[in-house]
$ cat work20.tsv   # TSV, C-alpha atoms and all ligand atoms
chain	number	residue	atom	x	y	z
A	1	MET	CA	-3.50	-4.38	-24.46
A	2	LYS	CA	-5.64	-1.30	-24.62
A	3	LYS	CA	-8.30	-3.20	-26.54
A	4	VAL	CA	-8.38	-5.83	-23.85
A	5	PHE	CA	-8.86	-3.12	-21.23
A	6	LEU	CA	-11.66	-1.48	-23.14
A	7	SER	CA	-13.55	-4.69	-23.71
A	8	MET	CA	-13.16	-5.63	-20.06
A	9	ALA	CA	-14.44	-2.23	-19.07
A	10	ALA	CA	-17.44	-2.68	-21.31
A	11	LEU	CA	-18.12	-6.12	-19.85
A	12	ALA	CA	-17.78	-4.82	-16.34
A	13	MET	CA	-20.19	-2.02	-17.04
A	14	MET	CA	-22.73	-4.40	-18.57
A	15	PHE	CA	-22.44	-6.62	-15.55
A	16	THR	CA	-22.88	-3.82	-13.06
A	17	SER	CA	-25.77	-2.29	-14.94
A	18	CYS	CA	-27.52	-5.69	-14.92
A	19	SER	CA	-26.97	-6.18	-11.21
A	20	GLU	CA	-28.05	-2.61	-10.68
A	21	GLU	CA	-31.43	-3.42	-12.13
A	22	GLN	CA	-31.78	-6.58	-10.10
A	23	ASN	CA	-30.53	-5.21	-6.80
A	24	ALA	CA	-31.48	-1.58	-7.23
A	25	VAL	CA	-28.00	-0.41	-6.24
A	26	PRO	CA	-28.51	3.32	-5.76
A	27	GLN	CA	-25.04	4.40	-6.85
A	28	ASP	CA	-24.26	5.73	-10.27
A	29	GLN	CA	-21.66	3.30	-11.54
A	30	SER	CA	-21.57	4.48	-15.12
A	31	ASN	CA	-18.86	7.10	-14.70
A	32	ILE	CA	-15.96	4.97	-13.52
A	33	ASP	CA	-12.99	6.05	-15.60
A	34	MET	CA	-10.41	3.30	-15.96
A	35	SER	CA	-8.52	4.93	-18.81
A	36	ASP	CA	-5.47	5.74	-16.66
A	37	PHE	CA	-5.15	2.26	-15.19
A	38	TYR	CA	-1.85	0.46	-15.70
A	39	VAL	CA	-0.19	-2.58	-14.26
A	40	TYR	CA	3.22	-2.97	-15.90
A	41	THR	CA	5.82	-0.35	-15.03
A	42	ASP	CA	9.28	0.52	-16.20
A	43	ALA	CA	10.63	-0.27	-12.74
A	44	ASP	CA	13.02	-2.84	-14.23
A	45	MET	CA	14.80	-0.08	-16.07
A	46	ASP	CA	15.50	2.30	-13.21
A	47	GLU	CA	16.81	-0.09	-10.61
A	48	GLY	CA	20.19	1.60	-10.76
A	49	SER	CA	18.91	5.03	-9.97
A	50	ARG	CA	16.72	3.77	-7.19
A	51	THR	CA	19.57	1.94	-5.54
A	52	ALA	CA	21.74	5.04	-5.91
A	53	ASN	CA	18.92	6.96	-4.33
A	54	GLY	CA	19.64	5.08	-1.16
A	55	LYS	CA	16.41	3.18	-0.85
A	56	SER	CA	15.28	0.20	-2.80
A	57	CYS	CA	11.83	-1.35	-2.72
A	58	TYR	CA	11.42	-4.17	-5.23
A	59	THR	CA	7.64	-4.33	-5.25
A	60	MET	CA	7.18	-3.01	-8.80
A	61	VAL	CA	9.93	-5.22	-10.23
A	62	ASN	CA	8.28	-8.11	-8.43
A	63	LEU	CA	4.92	-7.13	-9.90
A	64	ASN	CA	6.30	-7.13	-13.44
A	65	ARG	CA	7.75	-10.59	-12.84
A	66	MET	CA	4.45	-11.94	-11.55
A	67	LEU	CA	2.48	-10.39	-14.42
A	68	ASN	CA	4.77	-12.12	-16.91
A	69	GLN	CA	4.37	-15.45	-15.13
A	70	ASN	CA	0.62	-15.25	-14.63
A	71	PRO	CA	-1.45	-13.87	-17.52
A	72	GLY	CA	-4.60	-13.88	-15.40
A	73	LEU	CA	-3.17	-11.47	-12.85
A	74	GLU	CA	-3.70	-8.41	-15.02
A	75	LYS	CA	-7.46	-8.91	-15.18
A	76	LYS	CA	-7.62	-9.66	-11.44
A	77	MET	CA	-5.89	-6.38	-10.69
A	78	TYR	CA	-8.17	-4.57	-13.11
A	79	ASP	CA	-11.22	-5.96	-11.33
A	80	ILE	CA	-9.85	-4.95	-7.92
A	81	GLU	CA	-9.13	-1.45	-9.21
A	82	TYR	CA	-12.59	-1.18	-10.72
A	83	ASN	CA	-14.20	-2.25	-7.46
A	84	THR	CA	-12.01	0.18	-5.50
A	85	ARG	CA	-13.06	3.11	-7.69
A	86	ARG	CA	-16.71	2.08	-7.54
A	87	LEU	CA	-16.60	2.07	-3.75
A	88	ILE	CA	-14.66	5.32	-3.44
A	89	ASN	CA	-16.82	7.13	-5.95
A	90	GLY	CA	-19.86	5.98	-4.05
A	91	LYS	CA	-18.75	7.36	-0.71
A	92	GLY	CA	-16.22	9.69	0.75
A	93	LYS	CA	-15.91	12.00	-2.21
A	94	PRO	CA	-17.45	15.40	-2.81
A	95	PRO	CA	-19.92	16.76	-3.50
A	96	GLY	CA	-21.79	16.22	-0.28
A	97	THR	CA	-21.65	12.46	-0.04
A	98	GLY	CA	-20.93	12.37	3.66
A	99	GLY	CA	-24.39	11.28	4.68
A	100	GLY	CA	-23.68	11.92	8.32
A	101	GLY	CA	-25.40	15.29	8.37
A	102	ASN	CA	-22.47	16.96	10.07
A	103	GLY	CA	-20.58	18.39	7.16
A	104	GLY	CA	-20.85	21.93	8.42
A	105	GLY	CA	-17.27	22.38	9.47
A	106	GLY	CA	-15.75	21.06	6.29
A	107	GLY	CA	-15.38	23.31	3.33
A	108	SER	CA	-12.15	21.59	2.42
A	109	ASP	CA	-10.71	21.59	-1.06
A	110	ASP	CA	-9.78	17.94	-1.43
A	111	VAL	CA	-11.23	14.57	-0.56
A	112	ASP	CA	-11.41	15.24	3.17
A	113	VAL	CA	-14.03	13.14	4.86
A	114	LEU	CA	-14.69	12.30	8.44
A	115	PRO	CA	-12.19	9.75	9.76
A	116	ILE	CA	-13.34	6.19	9.27
A	117	ASP	CA	-16.74	7.09	7.93
A	118	ASP	CA	-17.18	3.88	5.97
A	119	GLY	CA	-18.82	2.00	8.83
A	120	MET	CA	-16.03	-0.57	9.15
A	121	GLY	CA	-14.38	0.99	12.20
A	122	VAL	CA	-10.77	0.16	12.99
A	123	ILE	CA	-9.77	-2.85	10.91
A	124	ASN	CA	-7.43	-5.19	12.78
A	125	ILE	CA	-4.86	-7.18	10.81
A	126	PRO	CA	-3.34	-10.18	12.58
A	127	VAL	CA	0.30	-10.69	11.64
A	128	TYR	CA	2.46	-13.80	11.34
A	129	VAL	CA	6.20	-13.13	11.34
A	130	HIS	CA	8.57	-15.70	9.82
A	131	VAL	CA	12.17	-15.13	10.86
A	132	VAL	CA	14.56	-16.90	8.48
A	133	TYR	CA	18.23	-16.60	9.36
A	134	PRO	CA	21.16	-18.90	10.10
A	135	ASP	CA	20.40	-17.95	13.71
A	136	ALA	CA	16.66	-17.43	13.79
A	137	ASN	CA	16.95	-15.83	17.21
A	138	SER	CA	18.97	-12.95	15.76
A	139	ILE	CA	15.70	-10.99	15.42
A	140	SER	CA	14.51	-10.63	18.99
A	141	ASN	CA	10.94	-10.60	20.21
A	142	SER	CA	11.37	-7.00	21.30
A	143	GLN	CA	12.53	-6.02	17.78
A	144	ILE	CA	9.42	-7.69	16.34
A	145	GLN	CA	7.20	-5.97	18.89
A	146	SER	CA	8.80	-2.61	18.07
A	147	GLN	CA	7.68	-3.12	14.47
A	148	ILE	CA	4.10	-3.83	15.53
A	149	THR	CA	4.18	-0.65	17.65
A	150	VAL	CA	5.38	1.44	14.68
A	151	LEU	CA	2.64	-0.01	12.45
A	152	ASN	CA	-0.03	0.81	15.00
A	153	SER	CA	1.10	4.42	15.29
A	154	ASP	CA	1.68	4.93	11.53
A	155	PHE	CA	-1.68	3.52	10.46
A	156	SER	CA	-3.56	5.50	13.12
A	157	SER	CA	-1.59	8.72	12.55
A	158	THR	CA	-0.49	8.91	16.15
A	159	ASN	CA	3.22	9.08	15.30
A	160	VAL	CA	4.91	12.11	16.73
A	161	ASN	CA	7.00	13.44	13.84
A	162	GLN	CA	4.26	15.18	11.90
A	163	LEU	CA	4.58	18.46	10.06
A	164	PRO	CA	3.86	21.53	12.17
A	165	SER	CA	0.28	22.66	11.73
A	166	GLY	CA	-0.12	25.32	9.09
A	167	THR	CA	2.54	23.80	6.85
A	168	THR	CA	1.47	22.55	3.44
A	169	PHE	CA	0.33	18.91	3.69
A	170	ALA	CA	0.15	19.13	7.49
A	171	ASN	CA	-3.62	18.80	7.40
A	172	ASP	CA	-3.54	15.92	4.93
A	173	ALA	CA	-2.14	13.33	7.34
A	174	THR	CA	-4.93	10.94	8.14
A	175	ASP	CA	-5.90	8.13	10.46
A	176	ALA	CA	-6.03	5.15	8.09
A	177	GLY	CA	-8.00	3.16	10.64
A	178	PHE	CA	-5.93	-0.03	10.88
A	179	SER	CA	-4.46	-1.84	13.86
A	180	PHE	CA	-2.01	-4.75	13.89
A	181	THR	CA	-1.62	-7.58	16.35
A	182	LEU	CA	1.17	-10.14	16.46
A	183	ALA	CA	-0.54	-13.51	16.03
A	184	GLY	CA	2.58	-15.65	15.95
A	185	THR	CA	6.32	-15.78	15.33
A	186	PHE	CA	7.91	-18.68	13.46
A	187	ARG	CA	11.67	-19.05	13.62
A	188	HIS	CA	13.56	-21.01	11.00
A	189	ASN	CA	17.29	-21.63	11.25
A	190	ASP	CA	18.44	-21.64	7.63
A	191	SER	CA	22.03	-21.35	6.46
A	192	ARG	CA	21.14	-19.55	3.22
A	193	SER	CA	22.79	-16.13	3.41
A	194	SER	CA	20.51	-14.18	1.03
A	195	TRP	CA	17.10	-14.85	-0.49
A	196	GLY	CA	16.72	-12.45	-3.42
A	197	THR	CA	13.39	-11.05	-4.61
A	198	ASN	CA	11.84	-14.01	-6.42
A	199	ASP	CA	9.82	-15.33	-3.46
A	200	ALA	CA	12.26	-18.16	-2.70
A	201	VAL	CA	11.81	-17.53	1.01
A	202	LYS	CA	8.04	-17.92	0.67
A	203	GLN	CA	8.44	-21.20	-1.17
A	204	ALA	CA	10.77	-22.49	1.52
A	205	TYR	CA	8.45	-21.34	4.31
A	206	PRO	CA	4.90	-20.93	2.92
A	207	PRO	CA	2.44	-18.38	4.29
A	208	ILE	CA	0.03	-19.46	7.00
A	209	THR	CA	-3.66	-18.73	6.37
A	210	PRO	CA	-2.97	-15.69	4.15
A	211	GLU	CA	-6.73	-15.24	3.70
A	212	THR	CA	-6.96	-14.03	7.28
A	213	HIS	CA	-3.38	-13.09	8.24
A	214	LEU	CA	-0.68	-10.80	6.93
A	215	ASN	CA	2.49	-12.87	6.58
A	216	ILE	CA	5.82	-11.09	6.93
A	217	TRP	CA	9.09	-12.82	6.14
A	218	VAL	CA	12.12	-11.27	7.81
A	219	CYS	CA	15.35	-12.39	6.16
A	220	ASN	CA	18.41	-11.06	4.36
A	221	ILE	CA	17.20	-10.20	0.84
A	222	GLY	CA	20.60	-9.08	-0.45
A	223	GLY	CA	21.53	-6.55	-3.12
A	224	GLY	CA	20.76	-3.57	-0.92
A	225	ILE	CA	17.03	-4.34	-1.14
A	226	LEU	CA	15.03	-3.21	1.86
A	227	GLY	CA	11.81	-5.04	1.09
A	228	TYR	CA	9.13	-6.03	-1.39
A	229	ALA	CA	5.42	-6.71	-1.28
A	230	GLN	CA	2.73	-8.45	-3.28
A	231	PHE	CA	-0.27	-6.41	-4.39
A	232	PRO	CA	-3.83	-7.67	-3.80
A	233	GLY	CA	-4.84	-10.11	-6.53
A	234	GLY	CA	-1.65	-12.16	-6.52
A	235	SER	CA	-1.36	-15.82	-5.60
A	236	ALA	CA	-2.26	-16.79	-2.03
A	237	ALA	CA	0.86	-18.97	-2.01
A	238	THR	CA	3.06	-15.87	-2.10
A	239	ASP	CA	0.81	-13.32	-0.38
A	240	GLY	CA	2.55	-11.05	2.10
A	241	ILE	CA	5.69	-8.96	2.37
A	242	VAL	CA	9.42	-9.58	2.76
A	243	VAL	CA	11.59	-7.21	4.79
A	244	GLY	CA	15.33	-7.26	5.45
A	245	GLY	CA	16.10	-7.80	9.12
A	246	ASP	CA	18.20	-4.63	9.32
A	247	TYR	CA	15.11	-2.60	8.42
A	248	PHE	CA	12.50	-4.48	10.45
A	249	GLY	CA	11.38	-2.80	13.63
A	250	VAL	CA	13.29	-0.03	15.34
A	251	THR	CA	16.95	-0.73	14.64
A	252	GLY	CA	18.41	2.76	14.29
A	253	GLY	CA	19.87	4.53	11.27
A	254	ASN	CA	18.21	6.14	8.26
A	255	TYR	CA	16.05	3.09	7.49
A	256	GLY	CA	15.82	1.76	11.00
A	257	GLY	CA	12.55	3.36	12.04
A	258	GLY	CA	10.29	0.51	10.96
A	259	ARG	CA	8.89	2.37	7.97
A	260	THR	CA	10.04	-0.05	5.30
A	261	THR	CA	7.36	-2.36	6.68
A	262	THR	CA	4.82	0.48	6.74
A	263	HIS	CA	5.65	1.21	3.07
A	264	GLU	CA	5.44	-2.45	2.03
A	265	ILE	CA	2.12	-2.94	3.82
A	266	GLY	CA	0.93	0.11	1.87
A	267	HIS	CA	1.61	-1.90	-1.31
A	268	TYR	CA	0.02	-5.01	0.22
A	269	LEU	CA	-3.06	-2.81	0.74
A	270	ASN	CA	-3.06	-1.63	-2.89
A	271	LEU	CA	-1.10	1.63	-2.70
A	272	ARG	CA	1.27	2.50	-5.54
A	273	HIS	CA	4.41	4.56	-5.11
A	274	ILE	CA	3.41	8.17	-4.68
A	275	TRP	CA	5.06	9.26	-7.95
A	276	GLY	CA	3.18	6.58	-9.91
A	277	ASP	CA	6.34	4.83	-11.14
A	278	GLY	CA	6.45	6.93	-14.27
A	279	ARG	CA	6.45	10.44	-15.64
A	280	CYS	CA	4.05	13.23	-14.72
A	281	ASN	CA	1.15	11.64	-16.57
A	282	ARG	CA	1.46	8.40	-14.57
A	283	ASP	CA	-0.65	8.52	-11.44
A	284	ASP	CA	-0.79	6.60	-8.20
A	285	PHE	CA	-4.61	6.50	-8.53
A	286	VAL	CA	-4.96	8.73	-5.48
A	287	GLU	CA	-6.74	12.05	-5.86
A	288	ASP	CA	-5.17	14.00	-3.01
A	289	THR	CA	-1.50	13.21	-3.63
A	290	PRO	CA	0.40	15.55	-5.97
A	291	LYS	CA	1.84	14.35	-9.25
A	292	SER	CA	5.53	13.67	-9.51
A	293	ASP	CA	7.86	11.98	-11.96
A	294	ARG	CA	10.37	10.50	-9.55
A	295	SER	CA	11.04	9.19	-6.09
A	296	ASN	CA	12.72	11.33	-3.45
A	297	GLY	CA	15.48	10.13	-1.15
A	298	GLY	CA	17.13	11.36	2.00
A	299	CYS	CA	15.34	14.03	3.98
A	300	PRO	CA	14.30	16.72	1.48
A	301	THR	CA	13.73	20.31	2.41
A	302	PHE	CA	10.27	21.63	1.59
A	303	PRO	CA	9.29	22.31	-1.11
A	304	THR	CA	10.74	19.77	-3.52
A	305	THR	CA	9.01	20.58	-6.79
A	306	HIS	CA	8.38	18.21	-9.71
A	307	CYS	CA	5.55	18.25	-12.26
A	308	LYS	CA	4.84	21.89	-11.27
A	309	SER	CA	3.89	21.18	-7.67
A	310	ALA	CA	5.49	20.31	-4.36
A	311	ASP	CA	6.08	16.60	-3.88
A	312	MET	CA	4.63	14.93	-0.80
A	313	THR	CA	8.06	13.62	0.17
A	314	MET	CA	6.84	12.87	3.67
A	315	ASN	CA	4.36	10.26	2.46
A	316	TYR	CA	5.06	6.66	3.43
A	317	MET	CA	4.93	5.69	-0.24
A	318	ASP	CA	7.96	7.79	-1.23
A	319	TYR	CA	11.60	6.68	-0.70
A	320	THR	CA	12.71	9.18	1.93
A	321	TYR	CA	14.42	8.36	5.23
A	322	ASP	CA	12.23	6.77	7.87
A	323	ALA	CA	12.31	9.85	10.12
A	324	CYS	CA	11.21	12.05	7.21
A	325	MET	CA	8.12	10.10	6.14
A	326	TYR	CA	5.08	10.16	8.34
A	327	MET	CA	1.76	10.26	6.56
A	328	PHE	CA	-0.95	8.64	4.51
A	329	THR	CA	-3.68	10.78	2.93
A	330	ASP	CA	-7.46	10.39	2.95
A	331	GLY	CA	-7.34	9.14	-0.62
A	332	GLN	CA	-4.80	6.47	0.29
A	333	ARG	CA	-6.87	5.46	3.28
A	334	ASN	CA	-9.94	5.06	1.07
A	335	ARG	CA	-8.04	2.81	-1.36
A	336	MET	CA	-6.71	0.60	1.42
A	337	ARG	CA	-10.01	0.27	3.21
A	338	ALA	CA	-11.97	-0.45	0.03
A	339	LEU	CA	-10.25	-3.86	-0.03
A	340	PHE	CA	-12.06	-4.82	3.16
A	341	ALA	CA	-15.59	-3.91	2.07
A	342	PRO	CA	-17.87	-6.82	1.13
A	343	GLY	CA	-16.57	-8.32	-2.10
A	344	GLY	CA	-13.17	-6.68	-1.64
A	345	ALA	CA	-9.90	-8.53	-2.24
A	346	ARG	CA	-9.08	-8.69	1.47
A	347	ALA	CA	-12.61	-8.81	2.90
A	348	SER	CA	-11.89	-12.31	4.27
A	349	MET	CA	-9.61	-10.71	6.87
A	350	VAL	CA	-12.43	-8.79	8.52
A	351	GLY	CA	-13.67	-10.11	11.83
A	352	ASN	CA	-10.87	-12.59	12.43
B	1	ZN	ZN	7.65	0.43	-2.70

$ encode --input "work20.tsv" --output "structure tokens" --more "lines below"
Ligand SMILES: [Zn+2]
Amino acid sequence: MKKVFLSMAALAMMFTSCSEEQNAVPQDQSNIDMSDFYVYTDADMDEGSRTANGKSCYTMVNLNRMLNQNPGLEKKMYDIEYNTRRLINGKGKPPGTGGGGNGGGGGSDDVDVLPIDDGMGVINIPVYVHVVYPDANSISNSQIQSQITVLNSDFSSTNVNQLPSGTTFANDATDAGFSFTLAGTFRHNDSRSSWGTNDAVKQAYPPITPETHLNIWVCNIGGGILGYAQFPGGSAATDGIVVGGDYFGVTGGNYGGGRTTTHEIGHYLNLRHIWGDGRCNRDDFVEDTPKSDRSNGGCPTFPTTHCKSADMTMNYMDYTYDACMYMFTDGQRNRMRALFAPGGARASMVGN
């Protein structure tokens, strides 16, 4: 596998250096390090511990399944990752790449950049919700709308339960620059009591224009699973996220704050789990999130230390209770937004 990666990297570099000559692209693209990139994880092996942890997202198990079924997916994800790193390295990273001429107040130690400095402004994502239950009216319009409201506050960092200023990580919460609008709700009365994690619900009720809309299926997944997502690069026929109805919108309880959907959309927008789904040397490909070797559950007291540093347990991409997670970082924002730049995996959603 490593040989395949290396040869693809070499090909990609040849290609970009050629186009660089033709188009005079001013960025230095020769230093993109893909050596830490991975696709398969050992998520299949730690299902038990994750369920015991109290929260279960099946996105990585789902990814392993799709990689096994579709040999071409690995290269697609490699290409998306390469493009993401090329874009992020070209803008938004030190030293002095701001370009806006107003970097005087910065002096920060991480990847801090001005909010939404990539010229794309707030990116709106129209959402189709498919409710699939024996009684499809069991998820009310107000419950659906409460989810849209949570997404809009989480992805603009206007949620109220932030860390007090001065606390570690308090200054790392960022406005990711996304908004969400409900474009349609489709209700399907279906007597099936649970749908599992193998996309059966998507096959029964296919996504609608996934090139321009985020499709969310709300159904009973079963097995204590809260939700699962498909990363960019997967088949359009299964693009979107699936969330259990008990965890969709504001329903109360530890996972009833609407943040399962925030977490799954993070995956849909190319974010990995914050601990990298592996040991300390496995990364989430985000520069300003600390390394960790495990998920965190419940509502941890600060600091929770793994891999010699405090975990960012309050990040949406950990497994903590909804009320105890409340932030994306600049680095995560850059990864998500890179998908929407020209040539990006979700660029077709812009302007719709
Ligand atoms: Zn997840």

$ residues_near_ligand --input "work20.tsv" --ligand "ligand ZN 1 (chain B)" --cutoff "9 Å" --atoms "all atoms listed in the file" --output "NGL selection string"
:A and (56-60 or 227-229 or 260 or 263-264 or 266-267 or 271-273 or 317-319)

$ atom_distance --input "work20.tsv" --atom1 "atom CA of A:Ile216" --atom2 "atom CA of A:Val129"
4.9 Å

$ closest_atom_pairs --input "work20.tsv" --of "stretch 249-314 of chain A" --to "stretch 234-238 of chain A" --cutoff "12 Å" --atoms "only C-alpha atoms" --output "Markdown table"
| residue | atom | partner | partner_atom | distance |
| --- | --- | --- | --- | --- |
| A:His267 | CA | A:Gly234 | CA | 12.0 |
| A:Tyr268 | CA | A:Gly234 | CA | 10.0 |
| A:Leu269 | CA | A:Gly234 | CA | 11.9 |
| A:Asn270 | CA | A:Gly234 | CA | 11.2 |

$ atom_distance --input "work20.tsv" --atom1 "atom CA of A:Phe340" --atom2 "atom CA of A:Leu67"
23.5 Å

$ residues_around --input "work20.tsv" --residues "stretch 168-179 of chain A" --least-positions-apart "2" --cutoff "7 Å" --atoms "all atoms listed in the file" --output "list of chain:residue names"
A:Pro115, A:Ile116, A:Gly121, A:Val122, A:Ile123, A:Asn124, A:Ile125, A:Asn152, A:Phe155, A:Ser156, A:Ser157, A:Leu163, A:Pro164, A:Ser165, A:Gly166, A:Thr181, A:Met327, A:Phe328, A:Thr329, A:Asp330, A:Arg333

$ atom_distance --input "work20.tsv" --atom1 "atom CA of A:Phe186" --atom2 "atom CA of A:Met66"
26.1 Å

$ residues_near_point --input "work20.tsv" --point "(13.2, 15.3, 5.0)" --cutoff "8 Å" --atoms "all atoms listed in the file" --output "count of residues only"
12

$ closest_residue --input "work20.tsv" --among "A:Leu63, A:Ile139, A:Val132, A:Leu151" --to "A:Pro206" --atoms "all atoms listed in the file"
A:Val132

$ axis_aligned_box --input "work20.tsv" --around "stretch 236-246 of chain A" --padding-each-side "6 Å" --output "JSON"
{"center_x": 8.0, "center_y": -11.8, "center_z": 3.6, "size_x": 32.5, "size_y": 26.3, "size_z": 23.4}

$ residues_around --input "work20.tsv" --residues "A:Tyr40" --least-positions-apart "4" --cutoff "12 Å" --atoms "all atoms listed in the file" --output "PyMOL selection string"
chain A and resi 1+44-45+59-68+71+73-74+77-78+272+276-278+282

$ decode --input "work20.tsv" --residues "stretch 192-252 of chain A" --atoms "C-alpha atoms" --output "PDB file, in the first residue's frame"
ATOM      1  CA  ARG A 192     -38.907  -1.373   9.398  1.00  0.00           C
ATOM      2  CA  SER A 193     -37.885  -0.919  13.036  1.00  0.00           C
ATOM      3  CA  SER A 194     -34.114  -0.457  12.600  1.00  0.00           C
ATOM      4  CA  TRP A 195     -31.877   0.278   9.622  1.00  0.00           C
ATOM      5  CA  GLY A 196     -28.328  -0.608  10.677  1.00  0.00           C
ATOM      6  CA  THR A 197     -25.209   1.103   9.332  1.00  0.00           C
ATOM      7  CA  ASN A 198     -24.882  -0.361   5.845  1.00  0.00           C
ATOM      8  CA  ASP A 199     -26.770   2.411   4.017  1.00  0.00           C
ATOM      9  CA  ALA A 200     -29.972   0.378   3.651  1.00  0.00           C
ATOM     10  CA  VAL A 201     -32.004   3.485   4.413  1.00  0.00           C
ATOM     11  CA  LYS A 202     -30.276   5.370   1.592  1.00  0.00           C
ATOM     12  CA  GLN A 203     -30.990   2.581  -0.852  1.00  0.00           C
ATOM     13  CA  ALA A 204     -34.643   2.561   0.154  1.00  0.00           C
ATOM     14  CA  TYR A 205     -34.898   6.345  -0.076  1.00  0.00           C
ATOM     15  CA  PRO A 206     -32.091   7.674  -2.321  1.00  0.00           C
ATOM     16  CA  PRO A 207     -30.519  11.102  -1.834  1.00  0.00           C
ATOM     17  CA  ILE A 208     -31.914  14.022  -3.787  1.00  0.00           C
ATOM     18  CA  THR A 209     -29.394  16.097  -5.772  1.00  0.00           C
ATOM     19  CA  PRO A 210     -26.480  15.297  -3.428  1.00  0.00           C
ATOM     20  CA  GLU A 211     -24.206  17.428  -5.634  1.00  0.00           C
ATOM     21  CA  THR A 212     -25.924  20.534  -4.323  1.00  0.00           C
ATOM     22  CA  HIS A 213     -27.701  19.411  -1.130  1.00  0.00           C
ATOM     23  CA  LEU A 214     -26.743  17.751   2.123  1.00  0.00           C
ATOM     24  CA  ASN A 215     -29.083  14.792   2.617  1.00  0.00           C
ATOM     25  CA  ILE A 216     -29.850  13.716   6.181  1.00  0.00           C
ATOM     26  CA  TRP A 217     -31.743  10.520   6.919  1.00  0.00           C
ATOM     27  CA  VAL A 218     -33.425  10.461  10.320  1.00  0.00           C
ATOM     28  CA  CYS A 219     -34.358   6.932  11.354  1.00  0.00           C
ATOM     29  CA  ASN A 220     -33.754   4.342  14.049  1.00  0.00           C
ATOM     30  CA  ILE A 221     -30.271   2.947  13.328  1.00  0.00           C
ATOM     31  CA  GLY A 222     -30.291   0.431  16.184  1.00  0.00           C
ATOM     32  CA  GLY A 223     -27.449  -1.024  18.237  1.00  0.00           C
ATOM     33  CA  GLY A 224     -26.986   2.124  20.275  1.00  0.00           C
ATOM     34  CA  ILE A 225     -25.563   3.917  17.222  1.00  0.00           C
ATOM     35  CA  LEU A 226     -26.126   7.659  17.224  1.00  0.00           C
ATOM     36  CA  GLY A 227     -25.143   8.357  13.638  1.00  0.00           C
ATOM     37  CA  TYR A 228     -22.742   7.862  10.757  1.00  0.00           C
ATOM     38  CA  ALA A 229     -21.509   9.909   7.838  1.00  0.00           C
ATOM     39  CA  GLN A 230     -19.859   9.464   4.465  1.00  0.00           C
ATOM     40  CA  PHE A 231     -16.594  11.282   3.821  1.00  0.00           C
ATOM     41  CA  PRO A 232     -16.094  13.356   0.653  1.00  0.00           C
ATOM     42  CA  GLY A 233     -15.083  11.121  -2.247  1.00  0.00           C
ATOM     43  CA  GLY A 234     -17.674   8.417  -1.659  1.00  0.00           C
ATOM     44  CA  SER A 235     -20.471   7.469  -4.027  1.00  0.00           C
ATOM     45  CA  ALA A 236     -23.097  10.128  -4.757  1.00  0.00           C
ATOM     46  CA  ALA A 237     -25.734   7.423  -4.319  1.00  0.00           C
ATOM     47  CA  THR A 238     -24.954   7.230  -0.597  1.00  0.00           C
ATOM     48  CA  ASP A 239     -23.715  10.771   0.073  1.00  0.00           C
ATOM     49  CA  GLY A 240     -24.977  12.329   3.286  1.00  0.00           C
ATOM     50  CA  ILE A 241     -25.427  11.432   6.931  1.00  0.00           C
ATOM     51  CA  VAL A 242     -27.734   9.219   8.987  1.00  0.00           C
ATOM     52  CA  VAL A 243     -28.820  10.233  12.483  1.00  0.00           C
ATOM     53  CA  GLY A 244     -31.004   8.428  15.004  1.00  0.00           C
ATOM     54  CA  GLY A 245     -34.217  10.317  15.700  1.00  0.00           C
ATOM     55  CA  ASP A 246     -33.549  10.413  19.446  1.00  0.00           C
ATOM     56  CA  TYR A 247     -30.392  12.433  18.770  1.00  0.00           C
ATOM     57  CA  PHE A 248     -31.668  14.693  15.996  1.00  0.00           C
ATOM     58  CA  GLY A 249     -32.449  18.244  17.010  1.00  0.00           C
ATOM     59  CA  VAL A 250     -32.974  19.355  20.576  1.00  0.00           C
ATOM     60  CA  THR A 251     -34.532  16.387  22.350  1.00  0.00           C
ATOM     61  CA  GLY A 252     -33.010  16.603  25.830  1.00  0.00           C
TER      62      GLY A 252
END
